[in-house]
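Everything below belongs to work.cif, which stores mmCIF, C-alpha atoms.
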data_start
loop_
_atom_site.label_atom_id
_atom_site.label_comp_id
_atom_site.auth_asym_id
_atom_site.auth_seq_id
_atom_site.Cartn_x
_atom_site.Cartn_y
_atom_site.Cartn_z
CA LEU A 1 135.26 124.84 120.78
CA PRO A 2 138.08 122.48 121.78
CA VAL A 3 141.54 122.68 120.28
CA SER A 4 143.95 119.83 120.93
CA TYR A 5 147.71 119.75 120.44
CA TYR A 6 150.22 116.95 120.48
CA VAL A 7 153.84 116.83 119.36
CA GLY A 8 155.28 113.94 117.35
CA THR A 9 158.53 113.13 115.69
CA LEU A 10 157.35 114.65 112.45
CA GLY A 11 156.06 117.87 113.94
CA THR A 12 153.13 119.40 115.80
CA HIS A 13 149.62 117.96 115.42
CA THR A 14 146.55 120.07 116.16
CA GLU A 15 142.84 119.28 115.97
CA ILE A 16 140.34 122.10 115.71
CA LYS A 17 136.55 122.11 115.54
CA LYS A 18 134.90 125.23 114.19
CA VAL A 19 131.41 126.24 113.15
CA ALA A 20 130.73 126.95 109.51
CA GLU A 21 130.48 130.59 108.39
CA GLU A 22 132.92 131.65 111.10
CA LYS A 23 136.66 132.48 110.98
CA VAL A 24 139.35 129.97 111.83
CA THR A 25 143.14 130.23 112.24
CA LEU A 26 145.30 127.16 111.71
CA PRO A 27 148.60 127.51 113.64
CA CYS A 28 152.09 127.07 112.13
CA HIS A 29 155.27 128.48 113.75
CA HIS A 30 158.95 128.32 112.67
CA GLN A 31 162.33 129.96 113.22
CA LEU A 32 163.83 129.44 109.82
CA GLY A 33 163.35 132.83 108.24
CA LEU A 34 165.53 134.98 110.43
CA PRO A 35 169.03 134.11 109.15
CA GLU A 36 168.27 133.90 105.47
CA LYS A 37 164.96 135.37 104.34
CA ASP A 38 165.65 135.08 100.65
CA THR A 39 165.53 131.28 100.59
CA LEU A 40 162.39 130.90 102.74
CA ASP A 41 159.49 128.80 101.30
CA ILE A 42 156.09 128.23 102.98
CA GLU A 43 153.34 125.95 101.68
CA TRP A 44 149.88 124.91 103.00
CA LEU A 45 148.33 121.70 101.64
CA LEU A 46 144.79 120.29 102.18
CA THR A 47 143.91 116.60 102.07
CA ASP A 48 140.11 116.37 101.96
CA ARG A 49 137.86 113.55 103.16
CA GLU A 50 138.13 111.77 99.80
CA GLY A 51 141.96 111.73 100.02
CA ASN A 52 142.51 114.37 97.35
CA GLN A 53 145.37 116.82 98.03
CA LYS A 54 145.46 120.43 96.88
CA VAL A 55 147.60 123.52 97.53
CA VAL A 56 145.86 126.22 99.52
CA ILE A 57 148.47 129.03 99.77
CA THR A 58 152.25 129.41 99.24
CA TYR A 59 155.09 131.88 99.73
CA SER A 60 158.07 131.61 97.43
CA SER A 61 160.56 134.03 95.87
CA HIS A 62 159.19 136.95 97.84
CA HIS A 63 155.61 136.40 96.53
CA VAL A 64 152.37 135.09 98.15
CA TYR A 65 150.07 132.94 96.03
CA ASN A 66 146.61 132.60 97.56
CA ASN A 67 144.35 132.23 94.50
CA LEU A 68 145.45 128.78 93.51
CA THR A 69 141.97 127.17 93.65
CA GLU A 70 138.59 128.64 92.84
CA GLU A 71 136.97 127.43 96.05
CA HIS A 72 139.60 129.14 98.23
CA LYS A 73 139.92 132.33 96.23
CA GLY A 74 139.53 135.40 98.44
CA ARG A 75 139.05 133.37 101.63
CA VAL A 76 142.56 132.35 102.65
CA ALA A 77 145.59 134.36 103.83
CA PHE A 78 148.52 134.31 106.24
CA ALA A 79 147.31 135.31 109.66
CA SER A 80 150.49 137.16 110.79
CA ASN A 81 154.08 138.00 109.86
CA PHE A 82 155.16 134.74 108.29
CA LEU A 83 158.71 136.06 107.79
CA ALA A 84 159.06 136.55 111.55
CA GLY A 85 158.11 132.97 112.32
CA ASP A 86 154.25 132.85 112.32
CA ALA A 87 153.02 131.16 109.20
CA SER A 88 149.48 130.47 110.53
CA LEU A 89 146.66 130.15 107.97
CA GLN A 90 143.42 132.09 108.26
CA ILE A 91 140.18 131.00 106.52
CA GLU A 92 137.07 133.21 106.45
CA PRO A 93 134.23 132.43 106.05
CA LEU A 94 134.55 128.76 106.80
CA LYS A 95 132.68 126.27 104.63
CA PRO A 96 131.93 122.56 105.15
CA SER A 97 134.16 121.78 102.15
CA ASP A 98 137.14 123.20 104.11
CA GLU A 99 137.09 120.19 106.43
CA GLY A 100 140.16 117.93 106.21
CA ARG A 101 143.82 117.59 107.15
CA TYR A 102 146.08 120.60 106.63
CA THR A 103 149.88 120.40 106.34
CA CYS A 104 152.19 123.37 106.84
CA LYS A 105 155.70 122.98 105.37
CA VAL A 106 158.41 125.56 106.04
CA LYS A 107 161.78 125.20 104.25
CA ASN A 108 164.88 127.33 104.49
CA SER A 109 168.48 126.49 103.58
CA GLY A 110 167.85 122.74 103.65
CA ARG A 111 165.97 122.74 106.95
CA TYR A 112 162.27 121.78 107.27
CA VAL A 113 159.48 122.34 109.79
CA TRP A 114 156.19 120.40 109.56
CA SER A 115 152.90 121.19 111.24
CA TYR A 116 149.62 119.24 110.94
CA VAL A 117 146.14 120.53 111.66
CA ILE A 118 142.96 118.48 111.48
CA LEU A 119 140.04 120.80 110.87
CA LYS A 120 136.50 119.67 111.48
CA VAL A 121 133.79 122.03 110.27
CA LEU A 122 130.56 121.87 112.28
CA VAL A 123 127.25 122.74 110.64
CA ARG A 124 124.50 124.12 112.79
CA PRO A 125 121.18 122.25 112.47
CA SER A 126 118.79 123.82 110.02
CA LYS A 127 115.58 125.17 111.44
CA PRO A 128 113.46 122.08 112.14
CA LYS A 129 109.94 121.60 110.88
CA CYS A 130 107.30 120.74 113.48
CA GLU A 131 104.38 118.55 112.38
CA LEU A 132 101.40 116.79 113.96
CA GLU A 133 100.23 113.29 113.06
CA GLY A 134 96.93 111.99 114.41
CA GLU A 135 93.55 113.26 115.53
CA LEU A 136 93.19 116.25 117.82
CA THR A 137 90.28 114.70 119.72
CA GLU A 138 89.97 113.79 123.35
CA GLY A 139 91.04 110.22 124.07
CA SER A 140 93.02 109.75 120.85
CA ASP A 141 96.81 109.56 120.30
CA LEU A 142 98.91 112.31 118.73
CA THR A 143 102.47 112.22 117.39
CA LEU A 144 104.71 115.29 117.49
CA GLN A 145 107.38 115.17 114.81
CA CYS A 146 110.43 117.41 114.47
CA GLU A 147 113.32 117.09 112.00
CA SER A 148 116.16 119.23 110.63
CA SER A 149 117.06 118.81 106.97
CA SER A 150 120.77 119.51 107.51
CA GLY A 151 123.38 119.70 110.23
CA THR A 152 126.37 117.85 111.57
CA GLU A 153 125.48 114.56 113.17
CA PRO A 154 124.59 113.67 115.79
CA ILE A 155 121.60 115.97 116.16
CA VAL A 156 119.78 115.78 119.47
CA TYR A 157 116.05 116.55 119.58
CA SER A 158 114.04 117.52 122.62
CA TRP A 159 110.37 118.46 123.16
CA GLN A 160 108.88 120.60 125.87
CA ARG A 161 105.79 122.68 126.53
CA VAL A 162 106.01 126.43 126.27
CA GLN A 163 104.89 128.21 129.41
CA GLU A 164 102.23 130.64 128.15
CA LYS A 165 100.79 131.41 131.58
CA GLU A 166 102.38 131.62 134.94
CA GLY A 167 102.27 128.32 136.76
CA GLU A 168 101.98 126.12 133.68
CA ASP A 169 104.11 122.99 133.59
CA GLU A 170 106.82 122.85 130.91
CA ARG A 171 107.01 119.08 131.03
CA LEU A 172 105.22 116.88 128.51
CA PRO A 173 101.87 115.35 129.53
CA PRO A 174 101.87 111.99 131.28
CA LYS A 175 101.95 108.84 129.13
CA SER A 176 104.22 110.53 126.59
CA LYS A 177 106.64 108.22 124.80
CA ILE A 178 109.82 109.03 122.85
CA ASP A 179 110.55 107.05 119.70
CA TYR A 180 114.23 106.19 120.09
CA ASN A 181 114.46 105.01 116.49
CA HIS A 182 113.35 108.51 115.45
CA PRO A 183 114.45 110.86 118.26
CA GLY A 184 112.42 113.74 116.88
CA ARG A 185 109.10 111.88 117.39
CA VAL A 186 107.09 111.97 120.60
CA LEU A 187 103.80 110.11 121.10
CA LEU A 188 101.15 111.77 123.26
CA GLN A 189 98.73 109.06 124.40
CA ASN A 190 95.12 109.48 125.52
CA LEU A 191 94.80 113.21 124.91
CA THR A 192 92.85 115.30 127.38
CA MET A 193 91.73 118.90 127.33
CA SER A 194 94.74 119.73 129.52
CA SER A 195 97.02 118.50 126.72
CA SER A 196 96.23 121.60 124.69
CA GLY A 197 99.00 124.16 124.48
CA LEU A 198 102.14 125.28 122.67
CA TYR A 199 104.93 122.73 122.19
CA GLN A 200 108.54 123.50 121.24
CA CYS A 201 111.06 121.22 119.56
CA THR A 202 114.78 121.96 119.83
CA ALA A 203 117.36 120.42 117.49
CA GLY A 204 120.97 120.82 118.62
CA ASN A 205 124.50 119.62 118.03
CA GLU A 206 128.01 120.86 118.82
CA ALA A 207 127.55 123.83 116.51
CA GLY A 208 124.37 125.19 118.01
CA LYS A 209 120.60 124.87 118.34
CA GLU A 210 117.49 125.65 116.35
CA SER A 211 113.87 125.26 117.37
CA CYS A 212 110.29 125.33 116.12
CA VAL A 213 106.90 125.49 117.81
CA VAL A 214 103.50 123.96 117.11
CA ARG A 215 100.15 124.46 118.83
CA VAL A 216 98.00 121.54 119.96
CA THR A 217 94.27 122.18 120.38
CA VAL A 218 92.36 119.17 121.68
CA GLN A 219 88.68 119.07 120.71
CA TYR A 220 86.05 117.66 123.05
CA VAL A 221 84.10 114.71 121.67
CA GLN A 222 81.14 113.04 123.40
CA SER A 223 81.51 109.43 124.34
CA VAL A 224 80.51 106.72 121.91
CA GLY A 225 77.74 105.52 124.23
CA MET A 226 76.11 108.93 124.33
CA ILE A 227 76.28 109.24 120.57
CA ALA A 228 74.82 105.75 120.09
CA GLY A 229 72.02 106.53 122.56
CA ALA A 230 71.17 109.76 120.78
CA VAL A 231 71.08 108.02 117.40
CA THR A 232 68.90 105.22 118.78
CA GLY A 233 66.50 107.73 120.31
CA MET A 234 66.20 109.63 117.06
CA VAL A 235 65.50 106.44 115.10
CA ALA A 236 62.90 105.28 117.63
CA GLY A 237 61.19 108.67 117.54
CA ALA A 238 61.08 108.64 113.75
CA LEU A 239 59.56 105.14 113.73
CA LEU A 240 56.92 106.16 116.28
CA ILE A 241 55.92 109.19 114.24
CA PHE A 242 55.71 107.05 111.10
CA LEU A 243 53.51 104.52 112.91
CA LEU A 244 51.13 107.22 114.15
CA VAL A 245 50.82 108.72 110.69
CA TRP A 246 50.15 105.29 109.20
CA LEU A 247 47.42 104.55 111.76
CA LEU A 248 45.74 107.89 111.08
CA ILE A 249 45.78 107.26 107.34
CA ARG A 250 44.34 103.75 107.82
CA ARG A 251 41.58 105.05 110.07
CA LYS A 252 40.68 107.77 107.62
CA ASP A 253 40.59 105.30 104.71
CA LYS A 254 38.40 102.89 106.70
CA LYS A 255 35.96 105.64 107.62
CA ARG A 256 35.71 106.78 104.01
CA TYR A 257 35.15 103.19 102.88
CA GLU A 258 32.31 102.73 105.36
CA GLU A 259 30.66 105.96 104.22
CA GLU A 260 30.85 104.82 100.59
CA GLU A 261 29.39 101.36 101.37
CA ARG A 262 26.51 102.51 103.58
CA PRO A 263 24.14 103.60 100.73
CA ASN A 264 24.62 100.21 99.04
CA GLU A 265 23.56 98.16 102.05
CA ILE A 266 20.33 96.11 101.64
CA ARG A 267 17.75 96.82 104.30
CA PRO A 268 15.41 94.12 105.70
CA ASN A 269 12.25 93.32 103.62
CA GLU A 270 13.81 95.08 100.61
CA ILE A 271 14.47 93.40 97.28
CA ARG A 272 17.31 94.58 95.12
CA GLU A 273 16.12 95.63 91.73
CA ASP A 274 19.32 94.44 90.01
CA ALA A 275 19.09 90.92 91.54
CA GLU A 276 19.08 88.13 89.01
CA ALA A 277 15.96 86.00 88.98
CA PRO A 278 16.49 82.29 89.70
CA LYS A 279 16.18 79.89 86.83
CA ALA A 280 13.25 77.52 87.08
CA ARG A 281 11.99 74.51 85.13
CA LEU A 282 8.52 73.09 84.83
CA VAL A 283 7.78 69.56 85.94
CA LYS A 284 4.83 67.73 84.47
CA PRO A 285 2.20 67.46 87.19
CA SER A 286 0.51 64.23 88.14
CA SER A 287 -3.12 63.43 87.37
CA SER A 288 -4.18 63.97 90.97
CA SER A 289 -3.04 67.57 90.92
CA LEU A 290 -4.70 68.56 87.64
CA GLY A 291 -7.91 69.40 89.42
CA SER A 292 -6.30 71.87 91.70
CA ARG A 293 -4.27 73.59 88.96
CA SER A 294 -6.94 76.01 87.99
CA SER A 295 -7.69 76.75 91.64
CA ARG A 296 -4.06 77.58 92.36
CA SER A 297 -3.76 79.68 89.25
CA GLY A 298 -6.78 81.64 90.26
CA SER A 299 -5.47 82.18 93.72
CA SER A 300 -2.12 83.33 92.35
CA SER A 301 -3.76 85.72 89.94
CA THR A 302 -5.84 87.17 92.73
CA ARG A 303 -2.83 87.79 94.88
CA SER A 304 -0.85 89.28 92.00
CA THR A 305 -3.68 91.68 91.24
CA ALA A 306 -3.95 92.74 94.87
CA ASN A 307 -0.30 93.46 95.19
CA SER A 308 0.19 95.19 91.85
CA GLY A 309 -1.28 98.41 93.17
CA SER A 310 1.33 98.79 95.90
CA ARG A 311 4.25 97.94 93.58
CA SER A 312 3.32 99.97 90.60
CA GLN A 313 6.56 101.93 90.90
CA ARG A 314 8.77 98.89 90.44
CA THR A 315 10.09 97.72 87.14
CA PRO A 316 8.61 94.69 85.37
CA CYS A 317 11.85 92.75 85.72
CA ALA A 318 11.87 93.18 89.48
CA GLU A 319 8.20 92.07 89.71
CA ALA A 320 8.88 88.99 87.69
CA ALA A 321 11.87 88.12 89.84
CA ARG A 322 9.84 88.57 93.01
CA ARG A 323 6.94 86.38 91.73
CA GLN A 324 9.27 83.62 90.67
CA GLY A 325 10.94 83.71 94.10
CA LEU A 326 7.57 83.47 95.80
CA ALA A 327 6.56 80.62 93.60
CA ALA A 328 9.79 78.76 94.38
CA HIS A 329 9.19 79.15 98.09
CA THR A 330 5.43 78.60 98.21
CA TYR A 331 5.22 75.70 95.82
CA GLY A 332 8.16 73.66 96.95
CA PRO A 333 8.75 70.18 95.52
CA MET A 334 7.08 67.22 97.22
CA GLY A 335 7.15 63.53 96.75
CA PRO A 336 9.95 61.07 96.11
CA GLU A 337 10.86 62.53 92.75
CA ALA A 338 11.01 66.06 94.10
CA ARG A 339 13.03 65.12 97.19
CA SER A 340 15.83 63.67 95.13
CA SER A 341 16.60 67.00 93.46
CA GLU A 342 17.56 70.21 95.24
CA PRO A 343 16.36 73.54 93.89
CA LYS A 344 18.87 76.18 93.01
CA LYS A 345 19.28 78.82 95.68
CA ALA A 346 17.74 82.16 94.96
CA PRO A 347 19.39 85.41 95.96
CA HIS A 348 19.10 86.34 99.60
CA ALA A 349 17.10 89.51 98.91
CA THR A 350 14.47 87.59 96.92
CA LEU A 351 14.14 84.85 99.50
CA THR A 352 13.84 87.34 102.32
CA LYS A 353 10.71 88.83 100.80
CA ALA A 354 9.30 85.47 99.91
CA GLU A 355 9.57 84.13 103.46
CA ASN A 356 6.94 86.55 104.65
CA THR A 357 4.19 84.75 102.58
CA PRO A 358 2.94 81.56 104.30
CA SER A 359 2.21 78.44 102.27
CA THR A 360 -1.02 76.51 103.07
CA ILE A 361 -1.65 74.76 99.76
CA PRO A 362 -1.23 70.97 100.04
CA SER A 363 1.29 69.26 97.86
CA GLN A 364 -1.33 67.23 96.03
CA SER A 365 -2.90 70.35 94.47
CA ARG A 366 0.33 71.73 92.92
CA ALA A 367 0.25 71.88 89.20
CA PHE A 368 3.90 72.75 88.62
CA GLN A 369 7.08 72.34 90.61
CA THR A 370 10.08 74.61 90.55
CA VAL A 371 13.46 72.95 90.68
#

Can I see the file as structure tokens?
Amino acid sequence: LPVSYYVGTLGTHTEIKKVAEEKVTLPCHHQLGLPEKDTLDIEWLLTDREGNQKVVITYSSHHVYNNLTEEHKGRVAFASNFLAGDASLQIEPLKPSDEGRYTCKVKNSGRYVWSYVILKVLVRPSKPKCELEGELTEGSDLTLQCESSSGTEPIVYSWQRVQEKEGEDERLPPKSKIDYNHPGRVLLQNLTMSSSGLYQCTAGNEAGKESCVVRVTVQYVQSVGMIAGAVTGMVAGALLIFLLVWLLIRRKDKKRYEEEERPNEIRPNEIREDAEAPKARLVKPSSSSLGSRSSRSGSSSTRSTANSGSRSQRTPCAEAARRQGLAAHTYGPMGPEARSSEPKKAPHATLTKAENTPSTIPSQSRAFQTV
């Protein structure tokens, strides 16, 4: 470390820089002790950075006093034979609190010698802490951060890659940026798989250097388009499967419905037994049709008797409904009075059977009309 000297009218001035925890010697030489050693006095004073002055060590009346302050106790002493002219001060181990301006005063028989030493204590940077900020994924940005908690300013930070294999580049990847507002921060832009590796940060000042390392492992991530395509394909496949299942369920339900409805279908020429018979009302016949009333009643009775054998299995209610339907179809209303009123419609099953019986009886011979 540098040591500077310059001589002024008031004595010698020296500036020394030394690293903490080491040993330092502050020079002070005189030639006042040789003639009269009994009257020799030596005194070292320290003026710290706050301007406070304190006595470090003295020699007076044939005694050395070096335990004057608690902070200097056991660490200060004369470096050589101060009676022979070398009153240099030795401090070990050196502490940051020892920094300041030292004054050496030598007095003998009314003569004085002054020496001034400016001591600057340098503190080595503490071991920095390496950190990562950001995502370790391909294409993203990553910040390398390094900082020492203590040390004499200015502290200079530098980042480099550690060569783990022969032929590897120790330089940072391309597109790396240094944050000049925070010298310990480096931005790695657009990470690639080749950005993976071991990185070292070095913090240094005039007193020395300390370093730390951190490993960067970039993970491969598929592109957003591929991920979106895969998700879309999965959704489309799920919808297609759901649609097929729904169609199968609908087809099965429709088939079951048709099987349940088939026994209830009405076949041609078949009358439903639970069909409701149409309501009918009697209309007073005219005088011209009274003569044919008994003839029609006889004909109807004859037909009813002939058909009763084949329908003996049917219920009386169904027979009555069928006969009333036949009567409504066979003996339809005629004349002006009958045309003005429409008969109520009978169920389809009843009318279907009734249509098979032709009507040949003239309207003048009808005794009753069904409306």

Report the distance between atom CA of Thr137 of chain A and atom CA of Val216 of chain A in Å, rounded to one decimal place. 10.3 Å

Using only C-alpha atoms, determine which residues lie at most 7 Å from segment 46-49 of chain A, disregarding the query and same-chain residues fewer than 3 positions distant; provide the list as a PyMOL selection string. chain A and resi 52-56+99-103

Give me the result of the PyMOL selection byres ((chain A and resi 40) around 9) on this file, residue by residue, as a JSON list (two decimals) with C-alpha atoms, in the frame of the given file.
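What follows is the written file result-v3.json:
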[["chain", "number", "residue", "atom", "x", "y", "z"],
["A", 32, "LEU", "CA", 163.83, 129.44, 109.82],
["A", 33, "GLY", "CA", 163.35, 132.83, 108.24],
["A", 36, "GLU", "CA", 168.27, 133.90, 105.47],
["A", 37, "LYS", "CA", 164.96, 135.37, 104.34],
["A", 38, "ASP", "CA", 165.65, 135.08, 100.65],
["A", 39, "THR", "CA", 165.53, 131.28, 100.59],
["A", 41, "ASP", "CA", 159.49, 128.80, 101.30],
["A", 42, "ILE", "CA", 156.09, 128.23, 102.98],
["A", 59, "TYR", "CA", 155.09, 131.88, 99.73],
["A", 60, "SER", "CA", 158.07, 131.61, 97.43],
["A", 61, "SER", "CA", 160.56, 134.03, 95.87],
["A", 62, "HIS", "CA", 159.19, 136.95, 97.84],
["A", 83, "LEU", "CA", 158.71, 136.06, 107.79],
["A", 106, "VAL", "CA", 158.41, 125.56, 106.04],
["A", 107, "LYS", "CA", 161.78, 125.20, 104.25],
["A", 108, "ASN", "CA", 164.88, 127.33, 104.49],
["A", 109, "SER", "CA", 168.48, 126.49, 103.58]]

Write out as number ranges by chain the residues lying within 9 Å of Leu188 of chain A, counting all atoms listed in the file and excluding same-chain residues fewer than 5 positions away. A: 140-144, 172-177, 195

Give as JSON, numbers by chain the set of residues within 8 Å of the point (118.2, 119.4, 115.7), where distances use the file's coordinates and only C-alpha atoms. {"A": [125, 126, 127, 128, 147, 148, 151, 155, 156, 157, 202, 203, 204, 205, 209, 210, 211]}
